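Q: Input: one structure, supplied below.
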There are 2 protein chains.
Amino acid sequence: MFDGIRQYYQELIPKLSDEEWQQLENRLVIESYPKGSLVCREGENCKGVYYIHKGLARLYYTVDGREICTGFAKEGEYLSEYDSFLTQSPASQSMDVLEDTIAINLPYEKMQDLYRNYPIFNQAGRKIAEGLFILISRYNTRLLTLSPEDRYQYIIDNQYHLIQRVPQYMLASFIGISPEHLSRIRKKMTR
Amino acid sequence: MFDGIRQYYQELIPKLSDEEWQQLENRLVIESYPKGSLVCREGENCKGVYYIHKGLARLYYTVDGREICTGFAKEGEYLSEYDSFLTQSPASQSMDVLEDTIAINLPYEKMQDLYRNYPIFNQAGRKIAEGLFILISRYNTRLLTLSPEDRYQYIIDNQYHLIQRVPQYMLASFIGISPEHLSRIRKKMTR
DNA sequence: CTTTTCCATTAACATATATCAAGAAGCCAA
DNA sequence: TTGGCTTCTTGATATATGTTAATGGAAAAG
């Protein structure tokens, strides 16, 4: 069950000892979410960082009753409303799951506890934050520098699993356009 | 000269010792940039993280010969093309200075050196990455959930110094609109 | 199996915002 | 002071993209 996470951390901290891993493992919480259920609602404090063991989760804003997706995480990936998690303040995005999902949660307090008592985890925390920064930064770059068509092409080339597992109207908002416009772009591209 | 930085780090690492601070200080490089000069050109590897001692710096994409600003840093703030810095790969954004600027640079190799030999700096690195994540994440939130007018109002309310020190056409691209459109928004708002 | 709900497509139309172009205003240099 | 940049404003026009609405098919639910 924890193999994936352990490997993940061992890449972040090559010299992680068995004792330290054990301390981390003791603090992990396995959680199960049926398709469509919320992991965190906008306005609540995000309670943890979630390693997706199985399934698919999504991060999104709700604006005027409309949803704008900004991220997805499948098996082996992490997801969190990390701003809310770090600052323990109300989340501006919600998280839900698009498929039945098993997540492994590292709750906020346990993580702080880990930082305090086993400082080596600061190294992991640093690399996780750096990785998330790079992720959002590149997402930003694509939104600001590519055309809608090129943004869709990027997903085809680099995140094809999303095309297979995520409804098109969610991908449209992820790309920053309306579902109708994405449909037209797709039509144009197949010609 | 280094007072600002030292205070900055001491907030990130409350138990930073004199010895450790000395190690950091030894690795800092003071650099001077005349108004308009480049700190890092798109395509080059970003060489460091820059603490702005005096002046004002800017981060921006160049798309079809047009500039799109994504961030500014004034005295007491940090700036870097952090993706490029972390991965030591070509930057997708350039950095330049809008006023005569003195920056204190912590170069990549020295920072890695610090992480290796004084692991406590991982804690600072973590908090810096977390802070940058929060910064870009909130910028993203504003771009995706606010109207152009509200994005401009946000700057008035929260970053008024930018209005005083940054040309309006740069703010327009920072907000994600054309200079002409910002001019019209301003006209409308004063009514 | 049906029935219902959800989702993708398509077309007609609306609109926010960009683009182009010209002039005015401020600012710096000589 | 004068001229030349740079920046801001304003108007006319263009266009990409959104909106609304209708249809049909696929998937889920019963």
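Each chain in the structure tokens gets a letter, A, B, ..., in the order shown, and its residues are numbered from 1; ligands are numbered from 1 in order too.
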Specify as number ranges by chain all residues of chain A found within 8 Å of chain D, counting only C-alpha atoms (C1' of nucleotides).

A: A: 177-178, 181

Q: Need to verify the contact set: region 150-158 of chain A, 9 Å, only C-alpha atoms (C1' of nucleotides), exclusion of same-chain residues closer than 3 positions in sequence. Can you return it as an mmCIF file with C-alpha atoms, in the first residue's frame?

A:
```
data_model
loop_
_atom_site.group_PDB
_atom_site.id
_atom_site.type_symbol
_atom_site.label_atom_id
_atom_site.label_comp_id
_atom_site.auth_asym_id
_atom_site.auth_seq_id
_atom_site.Cartn_x
_atom_site.Cartn_y
_atom_site.Cartn_z
ATOM 1 C CA ARG A 142 1.145 27.872 -21.231
ATOM 2 C CA LEU A 143 -1.908 29.967 -20.396
ATOM 3 C CA LEU A 146 0.216 29.636 -26.100
ATOM 4 C CA SER A 147 -2.957 29.835 -28.188
ATOM 5 C CA HIS A 161 -4.343 10.207 -20.057
ATOM 6 C CA LEU A 162 -6.404 13.338 -19.321
ATOM 7 C CA ILE A 163 -8.006 13.122 -22.740
ATOM 8 C CA LEU A 171 -10.476 19.995 -20.162
ATOM 9 C CA ALA A 172 -11.906 23.085 -21.864
ATOM 10 C CA ILE A 175 -7.265 25.101 -21.120
ATOM 11 C CA GLY A 176 -9.094 28.313 -20.387
ATOM 12 C CA LEU A 182 -12.856 23.323 -27.625
ATOM 13 C CA ILE A 185 -10.931 23.456 -32.166
ATOM 14 C CA ARG A 186 -11.042 19.668 -32.177
#
```

Q: Write out as a Markdown table the residues of chain A that have any atom within 10 Å of an atom of chain B, one row each with the nearest atom pair and its distance in Å to one decimal, counting only C-alpha atoms, sorted by chain and then rising number.

A:
```
| residue | atom | partner | partner_atom | distance |
| --- | --- | --- | --- | --- |
| A:Tyr61 | CA | B:Thr145 | CA | 7.7 |
| A:Thr62 | CA | B:Thr145 | CA | 8.4 |
| A:Val63 | CA | B:Thr145 | CA | 6.3 |
| A:Asp64 | CA | B:Thr145 | CA | 9.2 |
| A:Ile68 | CA | B:Leu144 | CA | 7.9 |
| A:Cys69 | CA | B:Leu144 | CA | 9.9 |
| A:Thr70 | CA | B:Leu144 | CA | 9.4 |
| A:Glu81 | CA | B:Ser137 | CA | 9.8 |
| A:Tyr82 | CA | B:Ile134 | CA | 7.9 |
| A:Asp83 | CA | B:Ile134 | CA | 5.4 |
| A:Ser84 | CA | B:Ile134 | CA | 9.0 |
| A:Leu86 | CA | B:Glu130 | CA | 7.7 |
| A:Thr87 | CA | B:Ile134 | CA | 9.0 |
| A:Ser92 | CA | B:Thr141 | CA | 8.0 |
| A:Gln93 | CA | B:Thr141 | CA | 9.0 |
| A:Tyr115 | CA | B:Gln123 | CA | 8.8 |
| A:Pro119 | CA | B:Ile120 | CA | 7.8 |
| A:Ile120 | CA | B:Pro119 | CA | 7.8 |
| A:Phe121 | CA | B:Asn122 | CA | 9.0 |
| A:Asn122 | CA | B:Gln123 | CA | 5.3 |
| A:Gln123 | CA | B:Asn122 | CA | 5.3 |
| A:Ala124 | CA | B:Arg126 | CA | 8.4 |
| A:Gly125 | CA | B:Arg126 | CA | 5.9 |
| A:Arg126 | CA | B:Arg126 | CA | 3.7 |
| A:Lys127 | CA | B:Arg126 | CA | 7.3 |
| A:Ile128 | CA | B:Arg126 | CA | 8.4 |
| A:Ala129 | CA | B:Glu130 | CA | 5.4 |
| A:Glu130 | CA | B:Ala129 | CA | 5.4 |
| A:Gly131 | CA | B:Ala129 | CA | 9.0 |
| A:Leu132 | CA | B:Phe133 | CA | 7.1 |
| A:Phe133 | CA | B:Phe133 | CA | 4.9 |
| A:Ile134 | CA | B:Asp83 | CA | 5.4 |
| A:Leu135 | CA | B:Asp83 | CA | 9.0 |
| A:Ile136 | CA | B:Ser137 | CA | 7.1 |
| A:Ser137 | CA | B:Ile136 | CA | 7.1 |
| A:Arg138 | CA | B:Asp83 | CA | 8.3 |
| A:Tyr139 | CA | B:Asn140 | CA | 9.5 |
| A:Asn140 | CA | B:Asn140 | CA | 7.2 |
| A:Thr141 | CA | B:Ser92 | CA | 7.9 |
| A:Leu143 | CA | B:Asn140 | CA | 9.8 |
| A:Leu144 | CA | B:Ile68 | CA | 7.9 |
| A:Thr145 | CA | B:Val63 | CA | 6.3 |
| A:Leu146 | CA | B:Val63 | CA | 8.8 |
| A:Ser173 | CA | B:Leu144 | CA | 10.0 |
| A:Gly176 | CA | B:Leu144 | CA | 8.3 |
```

Q: Tell me as a CSV table (one decimal) with N, CA and C atoms, in the first residue's frame which residues belonging to chain A come within 10 Å of chain C, counting only C-alpha atoms (C1' of nucleotides).

A:
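Output (part_24.csv):
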```
chain,number,residue,atom,x,y,z
A,167,PRO,N,-13.7,14.4,-18.7
A,167,PRO,CA,-14.7,14.9,-19.7
A,167,PRO,C,-14.2,16.2,-20.4
A,168,GLN,N,-14.6,16.3,-21.6
A,168,GLN,CA,-14.0,17.4,-22.5
A,168,GLN,C,-14.3,18.8,-21.9
A,169,TYR,N,-15.5,18.9,-21.3
A,169,TYR,CA,-15.8,20.3,-20.8
A,169,TYR,C,-15.0,20.7,-19.7
A,179,PRO,N,-16.4,25.0,-23.5
A,179,PRO,CA,-16.6,23.7,-24.1
A,179,PRO,C,-16.9,23.7,-25.6
A,180,GLU,N,-17.7,24.6,-26.0
A,180,GLU,CA,-18.1,24.8,-27.4
A,180,GLU,C,-16.9,25.1,-28.2
A,183,SER,N,-14.7,22.2,-28.7
A,183,SER,CA,-15.3,21.3,-29.7
A,183,SER,C,-14.9,21.7,-31.1
A,184,ARG,N,-15.0,23.1,-31.3
A,184,ARG,CA,-14.7,23.6,-32.6
A,184,ARG,C,-13.2,23.4,-33.0
A,187,LYS,N,-12.6,19.9,-34.0
A,187,LYS,CA,-13.0,19.7,-35.4
A,187,LYS,C,-12.0,20.2,-36.4
```

Q: Skip region 27-43 of chain A itself and residues of its chain fewer than 6 positions away, then list as JSON, numbers by chain all residues within 7 Å of it, counting only C-alpha atoms (C1' of nucleotides).

A: {"A": [90, 91, 92, 93, 94, 95, 96, 97, 98, 99, 100, 101, 102, 103, 104, 105, 106, 110]}

Q: How many Å separate CA of Tyr50 (chain B) from CA of Arg165 (chain B)?

A: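 Separation of CA of Tyr50 (chain B) and CA of Arg165 (chain B): 19.4 Å.
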
Q: Residues of region 61-144 of chain B in strand (DSSP E or B) according to DSSP, as a PyMOL selection string?

A: chain B and resi 61-63+66-74+78-79+90+94-97+101-107

Q: So that I can check the secondary structure, give me every residue of chain A assigned alpha helix (DSSP H) by backbone DSSP, as a ChimeraX atom specification.

A: /A:3-12,18-27,82-87,108-117,121-145,148-158,160-165,168-175,179-190

Q: Using only C-alpha atoms, please write the residues we just selected to a file, as a tab-separated table (two decimals), in the first residue's frame.

A:
```
chain	number	residue	atom	x	y	z
A	3	ASP	CA	5.28	1.31	-1.58
A	4	GLY	CA	4.56	4.13	-4.00
A	5	ILE	CA	4.88	6.83	-1.38
A	6	ARG	CA	7.99	5.30	0.12
A	7	GLN	CA	9.69	5.24	-3.23
A	8	TYR	CA	8.56	8.82	-3.82
A	9	TYR	CA	10.16	10.02	-0.59
A	10	GLN	CA	13.28	7.99	-1.09
A	11	GLU	CA	13.86	9.84	-4.32
A	12	LEU	CA	13.41	13.15	-2.52
A	18	ASP	CA	14.06	3.01	8.01
A	19	GLU	CA	13.33	4.69	11.32
A	20	GLU	CA	12.47	7.98	9.62
A	21	TRP	CA	10.29	6.28	7.05
A	22	GLN	CA	8.49	4.49	9.85
A	23	GLN	CA	7.76	7.83	11.50
A	24	LEU	CA	6.29	9.12	8.27
A	25	GLU	CA	4.27	5.97	7.64
A	26	ASN	CA	2.78	6.12	11.13
A	27	ARG	CA	1.33	9.50	10.29
A	82	TYR	CA	-1.46	23.72	-1.23
A	83	ASP	CA	-1.93	27.43	-0.55
A	84	SER	CA	-4.75	26.66	1.88
A	85	PHE	CA	-2.83	23.72	3.31
A	86	LEU	CA	0.31	25.75	4.01
A	87	THR	CA	-1.42	28.77	5.45
A	108	TYR	CA	-1.20	19.23	8.35
A	109	GLU	CA	-0.46	18.78	12.05
A	110	LYS	CA	1.38	15.50	11.47
A	111	MET	CA	3.48	17.13	8.81
A	112	GLN	CA	4.45	20.04	11.08
A	113	ASP	CA	5.22	17.50	13.77
A	114	LEU	CA	7.49	15.67	11.35
A	115	TYR	CA	9.32	18.89	10.40
A	116	ARG	CA	9.91	19.64	14.08
A	117	ASN	CA	11.09	16.23	15.22
A	121	PHE	CA	11.85	16.04	6.16
A	122	ASN	CA	12.45	19.72	5.46
A	123	GLN	CA	14.44	18.49	2.49
A	124	ALA	CA	11.43	16.56	1.20
A	125	GLY	CA	9.15	19.51	1.93
A	126	ARG	CA	11.48	21.78	0.02
A	127	LYS	CA	11.55	19.54	-3.03
A	128	ILE	CA	7.79	19.05	-2.96
A	129	ALA	CA	7.19	22.79	-2.80
A	130	GLU	CA	9.75	23.33	-5.55
A	131	GLY	CA	8.05	20.71	-7.69
A	132	LEU	CA	4.64	22.26	-7.17
A	133	PHE	CA	6.05	25.67	-7.98
A	134	ILE	CA	7.46	24.38	-11.26
A	135	LEU	CA	4.14	22.71	-12.07
A	136	ILE	CA	2.00	25.79	-11.58
A	137	SER	CA	4.62	28.03	-13.15
A	138	ARG	CA	4.61	26.02	-16.37
A	139	TYR	CA	0.83	25.86	-16.38
A	140	ASN	CA	0.89	29.63	-16.15
A	141	THR	CA	3.40	29.89	-18.96
A	142	ARG	CA	1.15	27.87	-21.23
A	143	LEU	CA	-1.91	29.97	-20.40
A	144	LEU	CA	-0.03	33.20	-21.08
A	145	THR	CA	2.08	32.30	-24.11
A	148	PRO	CA	-5.96	27.74	-27.05
A	149	GLU	CA	-5.23	25.33	-29.88
A	150	ASP	CA	-1.60	24.90	-28.82
A	151	ARG	CA	-2.65	24.42	-25.21
A	152	TYR	CA	-4.91	21.57	-26.27
A	153	GLN	CA	-2.15	20.11	-28.40
A	154	TYR	CA	0.12	20.23	-25.36
A	155	ILE	CA	-2.28	17.99	-23.47
A	156	ILE	CA	-2.43	15.56	-26.36
A	157	ASP	CA	1.35	15.42	-26.46
A	158	ASN	CA	2.11	15.40	-22.75
A	160	TYR	CA	-2.82	12.09	-22.99
A	161	HIS	CA	-4.34	10.21	-20.06
A	162	LEU	CA	-6.40	13.34	-19.32
A	163	ILE	CA	-8.01	13.12	-22.74
A	164	GLN	CA	-9.01	9.57	-21.98
A	165	ARG	CA	-10.22	10.04	-18.42
A	168	GLN	CA	-14.05	17.37	-22.46
A	169	TYR	CA	-15.85	20.26	-20.85
A	170	MET	CA	-13.49	20.03	-17.88
A	171	LEU	CA	-10.48	19.99	-20.16
A	172	ALA	CA	-11.91	23.09	-21.86
A	173	SER	CA	-11.88	25.03	-18.60
A	174	PHE	CA	-8.40	23.63	-17.81
A	175	ILE	CA	-7.27	25.10	-21.12
A	179	PRO	CA	-16.56	23.67	-24.07
A	180	GLU	CA	-18.09	24.78	-27.37
A	181	HIS	CA	-14.88	26.43	-28.43
A	182	LEU	CA	-12.86	23.32	-27.62
A	183	SER	CA	-15.27	21.28	-29.69
A	184	ARG	CA	-14.69	23.60	-32.63
A	185	ILE	CA	-10.93	23.46	-32.17
A	186	ARG	CA	-11.04	19.67	-32.18
A	187	LYS	CA	-13.05	19.67	-35.36
A	188	LYS	CA	-10.61	22.02	-37.02
A	189	MET	CA	-7.63	19.91	-35.90
A	190	THR	CA	-8.92	16.66	-37.35
```
